[in-house]
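The data block below is target.txt; it holds compact mmCIF, C-alpha atoms.
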```txt
# COMPACT_ATOMS: atom_id res chain seq x y z
CA MET A 760 -47.81 16.24 -39.11
CA VAL A 761 -49.88 16.06 -35.91
CA LYS A 762 -49.32 12.29 -35.73
CA GLY A 763 -45.58 12.89 -36.14
CA PHE A 764 -45.62 15.43 -33.33
CA VAL A 765 -47.49 13.01 -31.08
CA ARG A 766 -44.96 10.26 -31.84
CA CYS A 767 -42.04 12.61 -31.03
CA ALA A 768 -43.68 13.73 -27.80
CA ALA A 769 -44.27 10.12 -26.81
CA LEU A 770 -40.63 9.27 -27.55
CA VAL A 771 -39.41 12.22 -25.43
CA LEU A 772 -41.66 11.10 -22.58
CA VAL A 773 -40.26 7.56 -22.73
CA LEU A 774 -36.68 8.87 -22.72
CA LEU A 775 -37.42 11.06 -19.73
CA LEU A 776 -38.97 8.17 -17.85
CA PHE A 777 -35.95 5.94 -18.44
CA SER A 778 -33.38 8.65 -17.70
CA THR A 779 -34.94 9.70 -14.40
CA PRO A 780 -34.05 7.67 -11.26
CA VAL A 781 -36.96 5.57 -10.00
CA SER A 782 -36.46 7.02 -6.53
CA ALA A 783 -34.09 9.54 -5.01
CA ALA A 784 -31.53 8.51 -2.39
CA ASP A 785 -32.98 8.05 1.09
CA PHE A 786 -30.31 10.28 2.62
CA HIS A 787 -27.39 12.50 1.64
CA ILE A 788 -23.69 12.55 2.49
CA GLY A 789 -21.84 15.86 2.39
CA VAL A 790 -18.16 15.74 1.40
CA VAL A 791 -16.03 18.86 1.82
CA THR A 792 -12.56 18.97 0.24
CA GLY A 793 -9.97 21.41 -0.99
CA THR A 794 -9.60 22.31 -4.65
CA VAL A 795 -7.31 20.68 -7.22
CA SER A 796 -4.53 23.19 -6.51
CA GLN A 797 -4.33 22.39 -2.78
CA ALA A 798 -5.67 18.86 -2.38
CA GLU A 799 -6.33 17.09 -5.69
CA ASP A 800 -6.42 13.57 -4.23
CA ASN A 801 -9.06 14.49 -1.64
CA LEU A 802 -11.22 16.00 -4.38
CA ARG A 803 -10.80 12.96 -6.67
CA GLY A 804 -12.04 10.75 -3.85
CA ALA A 805 -15.19 12.85 -3.67
CA GLU A 806 -15.60 12.62 -7.45
CA HIS A 807 -15.39 8.83 -7.23
CA LEU A 808 -18.17 8.84 -4.64
CA ILE A 809 -20.36 10.84 -7.03
CA GLU A 810 -19.66 8.29 -9.78
CA GLU A 811 -20.53 5.48 -7.39
CA TYR A 812 -23.55 6.92 -5.57
CA GLY A 813 -24.67 9.85 -7.67
CA ASN A 814 -24.88 13.59 -7.11
CA SER A 815 -27.56 14.66 -4.65
CA SER A 816 -28.67 17.39 -7.06
CA ASP A 817 -29.60 14.63 -9.52
CA GLY A 818 -31.31 12.35 -7.01
CA GLY A 819 -28.12 10.67 -5.83
CA MET A 820 -26.48 10.57 -2.43
CA ILE A 821 -23.35 12.78 -2.53
CA THR A 822 -23.15 16.57 -2.03
CA HIS A 823 -19.60 17.78 -2.74
CA ILE A 824 -18.33 21.28 -1.99
CA THR A 825 -14.82 22.78 -1.85
CA TYR A 826 -13.38 25.26 0.65
CA PRO A 827 -11.22 28.25 -0.40
CA ASP A 828 -7.52 27.75 -1.24
CA ASN A 829 -6.69 30.61 1.12
CA PHE A 830 -8.66 28.99 3.92
CA MET A 831 -6.71 30.58 6.77
CA SER A 832 -7.82 34.09 5.81
CA GLU A 833 -11.28 32.93 4.71
CA MET A 834 -12.06 30.74 7.71
CA GLU A 835 -15.57 32.10 8.21
CA THR A 836 -16.39 31.13 4.63
CA THR A 837 -15.21 27.59 5.36
CA VAL A 838 -17.20 27.41 8.61
CA THR A 839 -20.33 28.69 6.88
CA GLN A 840 -19.95 26.19 4.02
CA ILE A 841 -19.63 23.25 6.39
CA ALA A 842 -22.47 24.39 8.64
CA GLY A 843 -24.69 25.04 5.61
CA LEU A 844 -24.83 21.32 4.82
CA ALA A 845 -27.13 20.90 7.84
CA ASP A 846 -29.81 22.88 5.99
CA ASP A 847 -30.44 19.83 3.80
CA PRO A 848 -33.11 17.81 5.67
CA LYS A 849 -31.81 14.57 4.07
CA MET A 850 -28.22 15.15 5.19
CA LYS A 851 -27.05 12.34 7.50
CA VAL A 852 -23.24 12.35 7.19
CA VAL A 853 -20.68 15.13 6.71
CA VAL A 854 -17.04 14.36 5.86
CA VAL A 855 -14.39 17.11 5.75
CA ASN A 856 -11.08 16.00 4.21
CA GLU A 857 -8.68 17.64 4.91
CA ALA A 858 -10.30 18.94 8.08
CA ILE A 859 -8.62 22.35 7.99
CA PRO A 860 -8.85 24.96 10.79
CA GLY A 861 -12.49 25.97 11.15
CA THR A 862 -13.80 22.43 10.77
CA THR A 863 -14.47 22.08 14.51
CA GLU A 864 -16.52 25.28 14.57
CA GLY A 865 -18.41 24.19 11.46
CA PHE A 866 -19.19 20.88 13.14
CA ARG A 867 -20.32 22.65 16.32
CA ARG A 868 -22.79 24.72 14.32
CA ILE A 869 -24.12 21.56 12.66
CA ARG A 870 -24.48 19.96 16.10
CA GLU A 871 -26.62 22.88 17.26
CA LYS A 872 -29.04 22.45 14.36
CA ARG A 873 -28.80 18.76 13.57
CA PRO A 874 -27.41 16.46 16.28
CA ASP A 875 -28.46 13.47 14.16
CA ILE A 876 -25.76 14.09 11.52
CA LEU A 877 -22.55 12.00 11.71
CA LEU A 878 -19.47 14.24 11.55
CA PHE A 879 -16.15 12.83 10.28
CA ALA A 880 -12.83 14.70 10.01
CA GLY A 881 -10.19 13.40 7.61
CA GLU A 882 -6.60 14.48 8.32
CA ALA A 883 -7.57 17.02 10.96
CA HIS A 884 -5.37 20.10 11.24
CA GLU A 885 -6.78 20.98 14.64
CA ASP A 886 -5.47 19.21 17.75
CA PRO A 887 -7.00 15.77 18.51
CA GLY A 888 -8.75 16.92 21.69
CA VAL A 889 -10.18 19.94 19.89
CA VAL A 890 -11.54 18.31 16.74
CA THR A 891 -13.00 15.30 18.60
CA SER A 892 -14.90 17.65 20.91
CA ALA A 893 -17.25 18.12 17.94
CA ALA A 894 -16.47 15.30 15.48
CA ASP A 895 -17.78 11.77 15.91
CA LEU A 896 -14.55 10.49 14.40
CA ALA A 897 -11.24 11.84 13.07
CA VAL A 898 -8.79 9.84 10.97
CA ASN A 899 -5.21 11.03 10.43
CA THR A 900 -2.07 9.49 9.03
CA ASP A 901 -0.11 7.82 11.83
CA ASN A 902 2.32 10.68 12.28
CA ILE A 903 3.59 9.22 15.54
CA ALA A 904 4.76 5.97 13.92
CA ARG A 905 5.84 7.77 10.73
CA GLY A 906 8.00 10.10 12.79
CA TYR A 907 10.27 7.08 13.26
CA LEU A 908 9.53 5.12 10.08
CA ILE A 909 10.26 7.88 7.55
CA PRO A 910 13.81 8.58 8.85
CA LEU A 911 14.37 4.81 9.07
CA ALA A 912 13.31 4.41 5.45
CA ALA A 913 15.52 7.38 4.48
CA GLN A 914 18.46 5.63 6.14
CA LYS A 915 17.71 2.48 4.14
CA LEU A 916 17.85 4.63 0.99
CA GLY A 917 21.33 5.81 1.98
CA ALA A 918 20.52 9.19 3.53
CA LYS A 919 23.11 10.86 5.74
CA THR A 920 21.08 14.06 6.16
CA PHE A 921 17.32 14.47 6.60
CA VAL A 922 15.80 17.84 5.68
CA HIS A 923 12.36 18.59 7.12
CA ILE A 924 10.61 21.50 5.33
CA SER A 925 7.67 23.32 6.91
CA PHE A 926 6.42 26.64 8.31
CA PRO A 927 5.08 27.98 11.65
CA ARG A 928 1.37 27.27 11.02
CA HIS A 929 1.95 23.57 10.46
CA MET A 930 4.41 23.33 13.33
CA SER A 931 1.73 24.71 15.66
CA TYR A 932 -0.42 21.62 14.99
CA GLU A 933 -0.02 19.02 17.70
CA THR A 934 0.35 16.00 15.43
CA LEU A 935 2.72 17.67 12.94
CA GLY A 936 4.84 19.30 15.65
CA ARG A 937 5.02 16.01 17.53
CA ARG A 938 6.05 14.14 14.37
CA ARG A 939 8.83 16.64 13.72
CA ALA A 940 10.12 16.13 17.29
CA ILE A 941 10.04 12.35 16.86
CA MET A 942 11.86 12.63 13.52
CA GLU A 943 14.63 14.66 15.12
CA VAL A 944 15.18 12.06 17.87
CA ALA A 945 14.93 9.20 15.37
CA CYS A 946 17.53 10.80 13.11
CA ARG A 947 19.91 11.21 16.04
CA ASP A 948 19.40 7.58 17.05
CA LEU A 949 19.92 6.40 13.46
CA GLY A 950 23.07 8.47 12.91
CA ILE A 951 21.46 10.90 10.45
CA LYS A 952 21.87 14.67 10.57
CA PHE A 953 18.48 16.37 11.06
CA VAL A 954 17.91 19.80 9.50
CA PHE A 955 14.79 21.96 9.72
CA GLU A 956 14.22 24.37 6.82
CA THR A 957 11.42 26.95 6.66
CA ALA A 958 9.46 27.60 3.46
CA PRO A 959 6.59 30.04 2.74
CA ASP A 960 3.09 29.00 3.76
CA PRO A 961 0.98 28.65 0.56
CA THR A 962 -1.98 30.23 2.41
CA SER A 963 0.06 33.41 3.01
CA ASP A 964 0.32 36.40 0.69
CA VAL A 965 2.79 34.64 -1.62
CA GLY A 966 0.14 32.05 -2.46
CA VAL A 967 0.70 28.59 -3.92
CA ALA A 968 2.73 29.87 -6.87
CA GLY A 969 5.14 31.83 -4.69
CA ALA A 970 5.60 28.94 -2.26
CA GLN A 971 6.32 26.52 -5.11
CA GLN A 972 8.80 28.89 -6.73
CA PHE A 973 10.67 29.14 -3.43
CA ILE A 974 11.08 25.34 -3.32
CA LEU A 975 12.24 25.21 -6.95
CA GLU A 976 14.93 27.79 -6.21
CA LYS A 977 16.06 26.45 -2.82
CA VAL A 978 16.45 22.70 -3.44
CA PRO A 979 19.60 23.09 -5.59
CA ALA A 980 21.18 25.19 -2.83
CA TRP A 981 20.16 22.67 -0.16
CA LEU A 982 21.68 19.81 -2.15
CA ASP A 983 24.90 21.80 -2.55
CA GLN A 984 24.91 22.52 1.19
CA TYR A 985 23.95 19.10 2.55
CA GLY A 986 25.18 16.80 -0.23
CA PRO A 987 23.60 14.24 -2.55
CA ASP A 988 22.90 11.78 0.30
CA THR A 989 20.09 13.99 1.58
CA SER A 990 16.49 12.88 2.05
CA PHE A 991 13.78 15.55 1.91
CA PHE A 992 10.37 15.69 3.58
CA CYS A 993 7.81 18.50 3.46
CA THR A 994 4.58 18.96 5.40
CA ASN A 995 2.63 20.76 2.65
CA ASN A 996 0.93 19.37 -0.46
CA ALA A 997 1.73 22.38 -2.62
CA HIS A 998 5.46 22.12 -1.80
CA THR A 999 5.58 18.48 -2.86
CA GLU A 1000 5.45 18.89 -6.66
CA PRO A 1001 8.40 21.30 -7.02
CA LEU A 1002 10.36 19.29 -4.44
CA LEU A 1003 9.90 16.07 -6.43
CA LYS A 1004 10.78 17.85 -9.67
CA ARG A 1005 14.15 19.02 -8.30
CA ILE A 1006 14.95 15.71 -6.58
CA ALA A 1007 14.35 13.81 -9.83
CA GLU A 1008 16.57 16.27 -11.72
CA LEU A 1009 19.37 16.86 -9.25
CA GLY A 1010 19.53 14.02 -6.70
CA GLY A 1011 18.65 13.31 -3.10
CA SER A 1012 15.84 11.03 -1.96
CA PHE A 1013 12.18 11.28 -1.00
CA VAL A 1014 10.53 8.57 1.09
CA GLU A 1015 6.89 9.66 0.88
CA ALA A 1016 4.69 12.73 0.97
CA ASP A 1017 3.00 14.12 4.06
CA LEU A 1018 -0.23 12.70 2.62
CA PRO A 1019 1.23 9.93 0.44
CA SER A 1020 -0.09 9.07 -3.00
CA PRO A 1021 1.21 8.29 -6.51
CA LEU A 1022 -0.77 11.38 -7.52
CA MET A 1023 0.78 13.62 -4.86
CA GLY A 1024 3.20 15.79 -6.81
CA TYR A 1025 4.47 13.17 -9.25
CA PRO A 1026 2.20 13.85 -12.27
CA GLY A 1027 2.93 17.58 -12.24
CA ALA A 1028 6.62 17.19 -11.42
CA LEU A 1029 7.25 14.63 -14.17
CA GLY A 1030 4.60 15.64 -16.73
CA ILE A 1031 2.56 12.43 -16.48
CA ASP A 1032 -0.85 12.20 -18.16
CA LEU A 1033 -2.99 9.82 -16.10
CA SER A 1034 -6.36 10.56 -17.69
CA LYS A 1035 -6.67 7.03 -19.12
CA GLU A 1036 -5.72 5.44 -15.79
CA LYS A 1037 -8.18 7.46 -13.69
CA GLY A 1038 -9.29 5.47 -10.66
CA ASP A 1039 -7.11 2.45 -11.53
CA TRP A 1040 -4.48 2.64 -8.78
CA PRO A 1041 -2.28 -0.29 -9.89
CA ALA A 1042 -2.17 1.23 -13.39
CA ILE A 1043 -1.44 4.69 -11.95
CA LEU A 1044 1.39 3.31 -9.82
CA LYS A 1045 2.90 1.51 -12.82
CA LYS A 1046 2.80 4.59 -15.05
CA VAL A 1047 4.27 6.86 -12.36
CA GLU A 1048 6.98 4.25 -11.72
CA GLU A 1049 7.89 4.27 -15.41
CA ALA A 1050 8.13 8.08 -15.37
CA VAL A 1051 10.25 8.11 -12.20
CA ASP A 1052 12.59 5.54 -13.74
CA ALA A 1053 12.88 7.57 -16.95
CA ALA A 1054 13.68 10.68 -14.87
CA GLY A 1055 16.47 8.87 -13.02
CA GLY A 1056 14.66 8.66 -9.67
CA SER A 1057 14.40 4.88 -9.45
CA GLY A 1058 15.35 3.50 -6.04
CA ARG A 1059 15.25 6.87 -4.29
CA MET A 1060 11.68 8.18 -4.59
CA GLY A 1061 8.65 6.64 -2.87
CA THR A 1062 4.96 6.85 -2.00
CA TRP A 1063 2.03 4.79 -0.76
CA ALA A 1064 0.61 2.55 -3.49
CA TYR A 1065 -2.87 3.93 -2.88
CA SER A 1066 -3.62 7.59 -2.28
CA TYR A 1067 -4.28 8.41 1.36
CA GLY A 1068 -6.28 11.56 0.57
CA TYR A 1069 -8.42 9.85 -2.07
CA THR A 1070 -9.07 6.87 0.19
CA ASN A 1071 -9.90 9.05 3.20
CA SER A 1072 -12.61 10.94 1.30
CA ALA A 1073 -14.14 7.78 -0.12
CA ALA A 1074 -13.75 5.44 2.86
CA LEU A 1075 -15.05 7.86 5.49
CA ALA A 1076 -18.14 8.56 3.40
CA GLU A 1077 -18.63 4.81 2.88
CA PHE A 1078 -18.25 4.23 6.63
CA GLY A 1079 -20.87 6.87 7.36
CA LYS A 1080 -23.20 5.35 4.78
CA ARG A 1081 -22.90 1.90 6.35
CA ILE A 1082 -23.51 3.27 9.85
CA VAL A 1083 -26.67 5.06 8.75
CA GLU A 1084 -27.85 1.88 7.00
CA GLY A 1085 -27.11 -0.21 10.10
CA ALA A 1086 -24.36 -2.22 8.40
CA ALA A 1087 -21.50 -0.86 10.55
CA LYS A 1088 -20.86 0.46 14.05
CA ILE A 1089 -19.04 3.73 14.63
CA ASP A 1090 -16.82 2.28 17.38
CA SER A 1091 -15.66 -0.71 15.31
CA LEU A 1092 -12.14 -0.46 13.85
CA LYS A 1093 -12.91 -3.63 11.90
CA ASP A 1094 -15.96 -2.06 10.23
CA MET A 1095 -13.95 1.07 9.40
CA ALA A 1096 -11.05 -0.99 8.02
CA GLU A 1097 -13.43 -2.78 5.67
CA CYS A 1098 -14.33 0.58 4.14
CA TYR A 1099 -10.66 1.45 3.57
CA ASN A 1100 -10.01 -2.01 2.11
CA LYS A 1101 -12.90 -1.54 -0.33
CA TYR A 1102 -10.99 1.24 -2.10
CA THR A 1103 -7.47 -0.22 -1.70
CA PRO A 1104 -7.55 -3.93 -2.61
CA GLY A 1105 -4.33 -5.64 -1.58
CA ALA A 1106 -2.98 -2.74 0.49
CA ARG A 1107 -1.62 -3.32 3.99
CA TRP A 1108 -3.00 -0.87 6.55
CA ASN A 1109 -2.18 -0.39 10.22
CA ALA A 1110 -4.72 1.38 12.46
CA SER A 1111 -4.53 2.45 16.10
CA TYR A 1112 -6.01 4.98 18.53
CA TYR A 1113 -4.20 8.23 19.28
CA THR A 1114 -2.60 8.43 22.73
CA ASP A 1115 -1.76 11.79 24.29
CA ALA A 1116 1.97 11.87 25.17
CA GLY A 1117 1.43 14.05 28.24
CA THR A 1118 -1.51 12.28 29.87
CA GLY A 1119 -1.26 8.80 28.38
CA VAL A 1120 -5.01 8.96 27.67
CA ARG A 1121 -6.16 7.08 24.57
CA ASN A 1122 -8.61 8.99 22.33
CA ARG A 1123 -10.92 6.42 20.74
CA LYS A 1124 -12.45 9.06 18.46
CA PHE A 1125 -9.08 9.83 16.85
CA ILE A 1126 -7.73 7.03 14.61
CA LEU A 1127 -4.21 6.83 13.15
CA VAL A 1128 -3.65 4.89 9.91
CA ARG A 1129 -0.65 4.05 7.73
CA GLN A 1130 0.32 2.00 4.68
CA ASP A 1131 3.62 0.41 3.72
CA THR A 1132 6.09 2.58 1.79
CA TYR A 1133 6.59 1.75 -1.90
CA VAL A 1134 9.86 2.87 -3.51
CA PHE A 1135 9.73 3.19 -7.29
CA GLY A 1136 12.10 0.70 -8.85
CA SER A 1137 12.54 -1.24 -5.59
CA GLY A 1138 9.04 -2.12 -4.38
CA TYR A 1139 7.63 -2.26 -0.85
CA MET A 1140 10.02 -1.56 2.01
CA GLY A 1141 8.19 -3.62 4.64
CA MET A 1142 7.76 -0.61 6.93
CA SER A 1143 4.34 -1.82 8.05
CA ASP A 1144 6.07 -4.77 9.72
CA VAL A 1145 8.60 -2.67 11.67
CA GLU A 1146 8.21 -2.73 15.44
CA ILE A 1147 8.55 0.86 16.65
CA PRO A 1148 10.47 1.35 19.92
CA GLU A 1149 8.16 2.47 22.71
CA LYS A 1150 10.28 5.55 23.50
CA TYR A 1151 9.04 7.34 20.37
CA PHE A 1152 5.43 7.20 21.53
CA GLN A 1153 6.38 9.18 24.62
CA ILE A 1154 7.88 12.15 22.72
CA SER A 1155 5.82 15.35 22.60
CA LYS A 1156 6.36 18.38 20.42
```

Now, as a test, write the supplied structure out as structure tokens.
Amino acid sequence: MVKGFVRCAALVLVLLLFSTPVSAADFHIGVVTGTVSQAEDNLRGAEHLIEEYGNSSDGGMITHITYPDNFMSEMETTVTQIAGLADDPKMKVVVVNEAIPGTTEGFRRIREKRPDILLFAGEAHEDPGVVTSAADLAVNTDNIARGYLIPLAAQKLGAKTFVHISFPRHMSYETLGRRRAIMEVACRDLGIKFVFETAPDPTSDVGVAGAQQFILEKVPAWLDQYGPDTSFFCTNNAHTEPLLKRIAELGGSFVEADLPSPLMGYPGALGIDLSKEKGDWPAILKKVEEAVDAAGGSGRMGTWAYSYGYTNSAALAEFGKRIVEGAAKIDSLKDMAECYNKYTPGARWNASYYTDAGTGVRNRKFILVRQDTYVFGSGYMGMSDVEIPEKYFQISK
């Protein structure tokens, strides 16, 4: 019996030795995202990083935390969460995606304690000059170019009316307000009627459920009012799912989400189970395309082939990792692009620096990126090849 016990103990010891990493990661990367209800794609990107590089709590590299859904009323919680990452002596990079209000203050507090930590903001909600006062780098969708390209794509899909759905908080953001202004001018130039509709802010008292119910109830009325040749665009992730659901059922078109992705709204709107396709973007795109076609949305509903939110979380963390390891330089667009390409094989990206419309000053810490638009049932629209008239870059909100 004693010999048996000794053999068991020896076996347990061997298993422990082989299941324990030989050495822990040399440094840590903190990734802060929203929850599944507000920003699923961003969170999935962080989960992929954990699969790739391991969880810091288990000797790996990645520390992932989520900020509150109601982040506008719990901003101090968000700031404290971000700043708290600096307490880890091995922390070398912090990525916040989406970089909601409070990110800049969180970064400032990290700077005070740990100036050695690289600070990256993905899809910053705060104005470019504000967030880059603390961040080493911010990467947003190219809302300047998309302000023209989305109405142009809507026109190609047959739209005679373009409905832009948002709320005051988002319209106070420089990049979103400027994009809306560009869209309005672009629609006028393209012969499309521009309409602005207000919907509840999901961070308000109505919450996500109330905001989504509003969209479900209003889209039929909007289609009756503006007609079937109407293209819809919304600035909020939570609004996207109910909007897609009604468009698939009732008509109208949808070029792409504010933060485009095959996962943005489509699985919930069309009841698509993508558990088997997890992480396989070509397979995800194919399955979503089949569901859109079955729902009658073929040729009028689009996306980016690869998720922007997912890629932002993963690519920014990868970029930070390479900088710390000496394999990349922070001021190299080429080095950054290689990190985005790692997670989106075959995708076509455009990247440029943000230029302030009022001063004409280029902000080299604020990068704008975009992919080509993919319309289910029709394929790529070639929007990444469109030359955007210079006048649209001069429009301010």

Could you check the closest approach to Gln1153 (chain A) for each of A:Lys849, A:Arg873, A:Arg938, A:Arg1107 and tell me which residue wins, using all atoms listed in the file?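 Among the listed residues, the smallest separation from Gln1153 (chain A) belongs to A:Arg938.
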
Between A:Leu1003, A:Ala918, A:Leu911, A:Ala893, smallest distance to Pro1021 (chain A) by all atoms listed in the file belongs to A:Leu1003

Interatomic distance between CA of Asp828 (chain A) and CA of Gln797 (chain A)?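 Separation of CA of Asp828 (chain A) and CA of Gln797 (chain A): 6.4 Å.
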
Test item: residues at most 12 Å from Arg870 (chain A), all atoms listed in the file, excluding those fewer than 6 positions along its chain, as number ranges by chain: A: 841-846, 851-853, 863-864, 876-878, 892-895

Given 8 Å of margin on each side, can you work out the centre and size in Å (one decimal) of an axis-aligned box holding every listed atom of region 956-961 of chain A, as JSON?
```
{"center_x": 7.6, "center_y": 27.2, "center_z": 3.7, "size_x": 29.2, "size_y": 21.7, "size_z": 22.3}
```

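Contact shell of Ile824 (chain A) at 8 Å (only C-alpha atoms; same-chain neighbours under 3 positions omitted): A:Gly789, A:Val790, A:Val791, A:Thr792, A:Gln840.
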
Using all atoms listed in the file, find each residue in region 947-1066 of chain A having at least one atom no more than 12 Å away from region 1138-1146 of chain A; report its shortest atom-to-atom pair and that distance in Å (one decimal), rows by chain then rising number, as CSV.
```
residue,atom,partner,partner_atom,distance
A:Val1014,CA,A:Met1140,CA,10.2
A:Glu1015,CA,A:Met1140,CA,11.7
A:Leu1044,CA,A:Gly1138,CA,10.8
A:Lys1045,CA,A:Gly1138,CA,11.1
A:Glu1048,CA,A:Gly1138,CA,9.9
A:Ser1057,CA,A:Gly1138,CA,10.2
A:Gly1058,CA,A:Gly1138,CA,8.6
A:Arg1059,CA,A:Gly1138,CA,10.9
A:Met1060,CA,A:Gly1138,CA,10.6
A:Gly1061,CA,A:Gly1138,CA,8.9
A:Thr1062,CA,A:Tyr1139,CA,9.6
A:Trp1063,CA,A:Tyr1139,CA,9.0
A:Ala1064,CA,A:Tyr1139,CA,8.9
```

Need the neighbours of (-24.8, 7.2, 7.0): which residues are at most 9 Å away, counting all atoms listed in the file, as a count of residues only? 19

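Proximity to Ala970 (chain A) was assessed for A:Leu1002, A:Ala1073, A:Leu1092, A:Leu1018 counting only C-alpha atoms; the smallest distance is recorded for A:Leu1002.
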
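Counting from CA of Ala1016 (chain A), the distance to CA of Phe866 (chain A) is 28.0 Å.
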
Got a sec: who's within 10 Å of Thr836 (chain A), counting all atoms listed in the file, leaving out chain neighbours fewer than 6 positions off, as a compact mmCIF listing (two decimals) with C-alpha atoms, in the coordinates of the input?
```
# COMPACT_ATOMS: atom_id res chain seq x y z
CA TYR A 826 -13.38 25.26 0.65
CA PRO A 827 -11.22 28.25 -0.40
CA PHE A 830 -8.66 28.99 3.92
CA ALA A 842 -22.47 24.39 8.64
CA GLY A 861 -12.49 25.97 11.15
CA GLY A 865 -18.41 24.19 11.46
```

Using 7 Å as the limit and counting only C-alpha atoms, can you tabulate each residue of region 874-934 of chain A that touches region 977-1001 of chain A, with its shortest atom-to-atom distance in Å and the two atoms involved, as CSV?
```
residue,atom,partner,partner_atom,distance
A:Ala913,CA,A:Ser990,CA,6.1
A:Gly917,CA,A:Asp988,CA,6.4
A:Ala918,CA,A:Asp988,CA,4.8
A:Lys919,CA,A:Asp988,CA,5.5
A:Thr920,CA,A:Thr989,CA,4.7
A:Phe921,CA,A:Ser990,CA,4.9
A:Val922,CA,A:Phe991,CA,4.9
A:His923,CA,A:Phe992,CA,5.0
A:Ile924,CA,A:Cys993,CA,4.5
A:Ser925,CA,A:Thr994,CA,5.6
```

Using only C-alpha atoms, can you tell me which of A:Ala783, A:Val838, A:Val965, A:Ala1054 comes closest to Ser816 (chain A)?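 Of A:Ala783, A:Val838, A:Val965, A:Ala1054, the one nearest Ser816 (chain A), counting only C-alpha atoms, is A:Ala783.
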
Separation of CA of Ile859 (chain A) from CA of Asn1109 (chain A), in Å and rounded to one decimal: 23.7 Å

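Distances to Gly966 (chain A) were evaluated for A:Leu896, A:Met831, A:Leu1127, A:Leu802 using all atoms listed in the file, and the minimum falls at A:Met831.
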
Pick out the closest residue to Tyr1065 (chain A) from this set: A:Ala945, A:Ile909, A:Ala1042, A:Ala1096. Count only C-alpha atoms. A:Ala1042

List the spatial neighbours of Asn801 (chain A) as a VMD selection string - criterion: any atom at most 10 Å away, all atoms listed in the file, same-chain residues fewer than 5 positions off excluded. chain A and resid 790 to 795 806 855 to 857 881 1018 1066 to 1073

Excluding same-chain residues fewer than 4 positions from Lys1156 (chain A), what lies within 7 Å of it counting all atoms listed in the file, as a list in words? Glu933, Gly936, Arg937 and Ala940 of chain A
